[in-house]
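Undergrad: Mind having a look at this structure? Questions to follow.
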Amino acid sequence: MENIRILLAEDDKNLGNILKAYLEAKNYPTTLCQDGKIAYDAFKRDEFDFCVLDIMMPEMDGFTLAKKIRKIDKDIPILFLSAKAMQEDRIQGFEVGADDYLTKPFSMEELLLRIKAIMRRSLASDTEGSKSEFEFGKYLFEYNRQTLTFEGNEQKLTSKEAELLRLLCENMNNVLDRTVALNKIWFDDSYFNARSMDVYITKLRKYLKGDTNVELINVHGVGFKLVVTEG
């Protein structure tokens with residue numbers, strides 16, 4: 001998983017230089033930008049495999065930058081860095097399409113592990129032994145491509161959306177336990193991660209509203225169920 005090209009947007013010059021040096025020492029070529037506008041221009045100009053974005057930046061904040069990046073590339077992994085630990089900020093980060101959110105201060109090792117975990121999900125292939133295509137109702141879900149197709153219209157999914165939908169499909173018409181999903185995708189079942197998962201469930205429910213024979217329901221106190229009935 002070496003030579004993953006990273007766009008790093010961080011307005012703290014010292015931290016930015018430290019992160020860039022660390023990532024490049026680990027064989028991750030990194031472009032450092034010190035405000036959101038410069039980062040956006042770099043993203044349009046060059047090719048990247050991963051984005052690490054600070055939230056509070058001059059010219060353009062990280063949330064706005066992520067939205068603009070998503071309009072160009074709907075499935076590039078995005079990890080937010082922020083000194084803001086408020087629950088609302090974390091949820092907003094996931095709502096704009098983040099794959100992960102790391103609160104300052106953090107260790108370099110944790111950042112690297114999170115990048116590797118996200119890339120493993122993004123680069124998942126059929127060799128993992130798990131089913132990668134699911135047809136249900138009028139939908140075709142292709143996990144490896146991270147796409148959900150409905151009547152010819154293709155919806156790109158983030159890596160976490162794809163992971164969560166695959167778990168739901170693998171447990172179709174059965175309850176997917178919240179704790180199981182959290183530990184498999186977020187690696188722990190903390191309160192903040194649970195709230196983040198709720199955001200993704202809401203987004204998936206929106207994507208699945210086109211077919212009345214498909215329903216994503218909450219099972220109170222237990223988890224979620226993807227219910228598919230015959231038309």
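Letters A, B, ... mark the chains of the structure tokens in the order given; residue numbers begin at 1 per chain; ligand numbers begin at 1, in order shown.
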Just want the 10 Å neighbourhood of Phe141 of chain A, counted on only C-alpha atoms, with same-chain residues fewer than 5 positions away dropped. Output as a ChimeraX atom specification.

TA: /A:132-136,146-150,154-155,157,162,165-166,169

Undergrad: Which of segment 14-51 of chain A end up as strand (DSSP E or B) when DSSP is run on this backbone - answer as a ChimeraX atom specification?

TA: /A:30-33,50-51

Undergrad: Kindly indicate which residue among A:Lys67, A:Lys74, A:Arg45, A:Arg205 lies nearest to Lys156 of chain A, using only C-alpha atoms for the distances.

TA: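 Checking each candidate against Lys156 of chain A, we get A:Lys74 as the closest.
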
Undergrad: I'd like to know which of A:Val219, A:Ile55, A:Ala9, A:Met60 is closest to Ala39 of chain A, using only C-alpha atoms.

TA: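 Going through A:Val219, A:Ile55, A:Ala9, A:Met60 one by one, the smallest distance to Ala39 of chain A is for A:Ala9.
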
Undergrad: Could you jot down the atom CA of Leu81 of chain A to atom CA of Tyr207 of chain A separation for me, Å, one decimal place?

TA: 27.7 Å

Undergrad: Near Thr64 of chain A, counting only C-alpha atoms, which residues have an atom at most 12 Å away, once you skip same-chain residues fewer than 6 positions from it, shown as an MDAnalysis selection string?

TA: chainID A and resid 35:37 39:40 53:58 70:71 80 92:93 95:98

Undergrad: Since we have the selection now, will you write its residues out, keeping N, CA and C atoms, as a PDB file, in the first residue's frame?

TA:
```pdb
ATOM      1  N   ASP A  35      -3.759  26.410   2.898  1.00  0.00           N
ATOM      2  CA  ASP A  35      -5.135  26.896   3.029  1.00  0.00           C
ATOM      3  C   ASP A  35      -6.024  26.114   2.068  1.00  0.00           C
ATOM      4  N   GLY A  36      -7.328  26.224   2.272  1.00  0.00           N
ATOM      5  CA  GLY A  36      -8.270  25.421   1.507  1.00  0.00           C
ATOM      6  C   GLY A  36      -8.289  25.726   0.025  1.00  0.00           C
ATOM      7  N   LYS A  37      -8.122  26.984  -0.331  1.00  0.00           N
ATOM      8  CA  LYS A  37      -8.156  27.358  -1.748  1.00  0.00           C
ATOM      9  C   LYS A  37      -6.960  26.784  -2.495  1.00  0.00           C
ATOM     10  N   ALA A  39      -5.323  24.160  -1.648  1.00  0.00           N
ATOM     11  CA  ALA A  39      -5.536  22.717  -1.694  1.00  0.00           C
ATOM     12  C   ALA A  39      -6.505  22.344  -2.810  1.00  0.00           C
ATOM     13  N   TYR A  40      -7.564  23.136  -2.970  1.00  0.00           N
ATOM     14  CA  TYR A  40      -8.547  22.860  -4.025  1.00  0.00           C
ATOM     15  C   TYR A  40      -7.910  23.001  -5.404  1.00  0.00           C
ATOM     16  N   LEU A  53      -7.566  16.517   5.495  1.00  0.00           N
ATOM     17  CA  LEU A  53      -7.975  17.913   5.492  1.00  0.00           C
ATOM     18  C   LEU A  53      -8.193  18.448   6.901  1.00  0.00           C
ATOM     19  N   ASP A  54      -7.502  19.534   7.230  1.00  0.00           N
ATOM     20  CA  ASP A  54      -7.823  20.267   8.446  1.00  0.00           C
ATOM     21  C   ASP A  54      -9.171  20.955   8.230  1.00  0.00           C
ATOM     22  N   ILE A  55      -9.894  21.233   9.305  1.00  0.00           N
ATOM     23  CA  ILE A  55     -11.206  21.872   9.153  1.00  0.00           C
ATOM     24  C   ILE A  55     -11.091  23.388   9.196  1.00  0.00           C
ATOM     25  N   MET A  56     -10.440  23.913  10.215  1.00  0.00           N
ATOM     26  CA  MET A  56     -10.328  25.361  10.364  1.00  0.00           C
ATOM     27  C   MET A  56      -9.132  25.873   9.574  1.00  0.00           C
ATOM     28  N   MET A  57      -9.405  26.415   8.367  1.00  0.00           N
ATOM     29  CA  MET A  57      -8.350  26.943   7.505  1.00  0.00           C
ATOM     30  C   MET A  57      -8.784  28.277   6.902  1.00  0.00           C
ATOM     31  N   PRO A  58      -7.824  29.149   6.567  1.00  0.00           N
ATOM     32  CA  PRO A  58      -8.166  30.395   5.887  1.00  0.00           C
ATOM     33  C   PRO A  58      -8.592  30.128   4.442  1.00  0.00           C
ATOM     34  N   ARG A  70     -15.582  16.417  -3.500  1.00  0.00           N
ATOM     35  CA  ARG A  70     -16.565  15.369  -3.783  1.00  0.00           C
ATOM     36  C   ARG A  70     -17.274  15.591  -5.123  1.00  0.00           C
ATOM     37  N   LYS A  71     -17.393  16.837  -5.557  1.00  0.00           N
ATOM     38  CA  LYS A  71     -18.023  17.110  -6.855  1.00  0.00           C
ATOM     39  C   LYS A  71     -17.128  16.651  -8.003  1.00  0.00           C
ATOM     40  N   PHE A  80     -10.658  13.904   8.036  1.00  0.00           N
ATOM     41  CA  PHE A  80     -10.586  15.245   8.610  1.00  0.00           C
ATOM     42  C   PHE A  80      -9.683  15.255   9.839  1.00  0.00           C
ATOM     43  N   GLN A  92     -21.102  16.603  11.194  1.00  0.00           N
ATOM     44  CA  GLN A  92     -21.057  17.400   9.966  1.00  0.00           C
ATOM     45  C   GLN A  92     -19.963  16.885   9.032  1.00  0.00           C
ATOM     46  N   GLY A  93     -18.839  16.492   9.614  1.00  0.00           N
ATOM     47  CA  GLY A  93     -17.755  15.941   8.802  1.00  0.00           C
ATOM     48  C   GLY A  93     -18.187  14.708   8.040  1.00  0.00           C
ATOM     49  N   GLU A  95     -21.265  13.915   7.329  1.00  0.00           N
ATOM     50  CA  GLU A  95     -22.343  14.277   6.418  1.00  0.00           C
ATOM     51  C   GLU A  95     -21.820  14.797   5.078  1.00  0.00           C
ATOM     52  N   VAL A  96     -20.660  15.461   5.093  1.00  0.00           N
ATOM     53  CA  VAL A  96     -20.104  15.962   3.834  1.00  0.00           C
ATOM     54  C   VAL A  96     -19.255  14.912   3.129  1.00  0.00           C
ATOM     55  N   GLY A  97     -19.225  13.698   3.672  1.00  0.00           N
ATOM     56  CA  GLY A  97     -18.602  12.599   2.957  1.00  0.00           C
ATOM     57  C   GLY A  97     -17.277  12.121   3.484  1.00  0.00           C
ATOM     58  N   ALA A  98     -16.940  12.465   4.728  1.00  0.00           N
ATOM     59  CA  ALA A  98     -15.661  12.013   5.283  1.00  0.00           C
ATOM     60  C   ALA A  98     -15.681  10.509   5.543  1.00  0.00           C
TER      61      ALA A  98
END
```

Undergrad: Taking 3 positions as the minimum chain separation for residues in the same chain, which residues sit within 6 Å of segment 212-216 of chain A when counting only C-alpha atoms? Answer as a PyMOL selection string.

TA: chain A and resi 205+225-229

Undergrad: Go ahead and write the selection's residues with N, CA and C atoms as a PDB file, in the first residue's frame.

TA:
```
ATOM      1  N   ARG A 205     -30.518   5.094   3.569  1.00  0.00           N
ATOM      2  CA  ARG A 205     -31.976   5.041   3.473  1.00  0.00           C
ATOM      3  C   ARG A 205     -32.475   5.951   2.346  1.00  0.00           C
ATOM      4  N   LYS A 225     -32.064  -3.450   9.909  1.00  0.00           N
ATOM      5  CA  LYS A 225     -32.433  -4.570   9.027  1.00  0.00           C
ATOM      6  C   LYS A 225     -32.745  -4.035   7.632  1.00  0.00           C
ATOM      7  N   LEU A 226     -32.115  -4.643   6.615  1.00  0.00           N
ATOM      8  CA  LEU A 226     -32.440  -4.353   5.227  1.00  0.00           C
ATOM      9  C   LEU A 226     -33.525  -5.343   4.812  1.00  0.00           C
ATOM     10  N   VAL A 227     -34.733  -4.847   4.686  1.00  0.00           N
ATOM     11  CA  VAL A 227     -35.885  -5.697   4.378  1.00  0.00           C
ATOM     12  C   VAL A 227     -36.186  -5.610   2.884  1.00  0.00           C
ATOM     13  N   VAL A 228     -36.182  -6.768   2.221  1.00  0.00           N
ATOM     14  CA  VAL A 228     -36.468  -6.829   0.779  1.00  0.00           C
ATOM     15  C   VAL A 228     -37.611  -7.798   0.580  1.00  0.00           C
ATOM     16  N   THR A 229     -38.697  -7.314  -0.019  1.00  0.00           N
ATOM     17  CA  THR A 229     -39.870  -8.148  -0.291  1.00  0.00           C
ATOM     18  C   THR A 229     -40.076  -8.260  -1.785  1.00  0.00           C
TER      19      THR A 229
END
```

Undergrad: Rank nothing, just name the residue among A:Leu79, A:Ile115, A:Ile91, A:Ile72 nearest to Phe192 of chain A, using only C-alpha atoms.

TA: A:Ile91

Undergrad: Rank A:Met108, A:Gly152, A:Arg195, A:Glu47 by their smallest atom-to-atom distance to Lys20 of chain A, using only C-alpha atoms, and report the top residue only.

TA: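 Nearest to Lys20 of chain A: A:Met108.
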
Undergrad: Do a neighbour search on Ile18 of chain A at 12 Å with only C-alpha atoms, toss out local chain neighbours closer than 5 positions, and write the hits as number ranges by chain.

TA: A: 8, 10, 12-13, 23-25, 30, 32, 107-108

Undergrad: A:Leu19, A:Met197, A:Ala66, A:Leu102: which is nearest Thr179 of chain A, counting only C-alpha atoms?

TA: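 The shortest atom-to-atom distance to Thr179 of chain A comes from A:Met197.
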
Undergrad: Given the choices A:Trp186, A:Asn193, A:Val175, A:Asp75, which gets closest to Arg145 of chain A if the distance is worked out from only C-alpha atoms?

TA: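 For Arg145 of chain A, the nearest of the candidates is A:Asp75.
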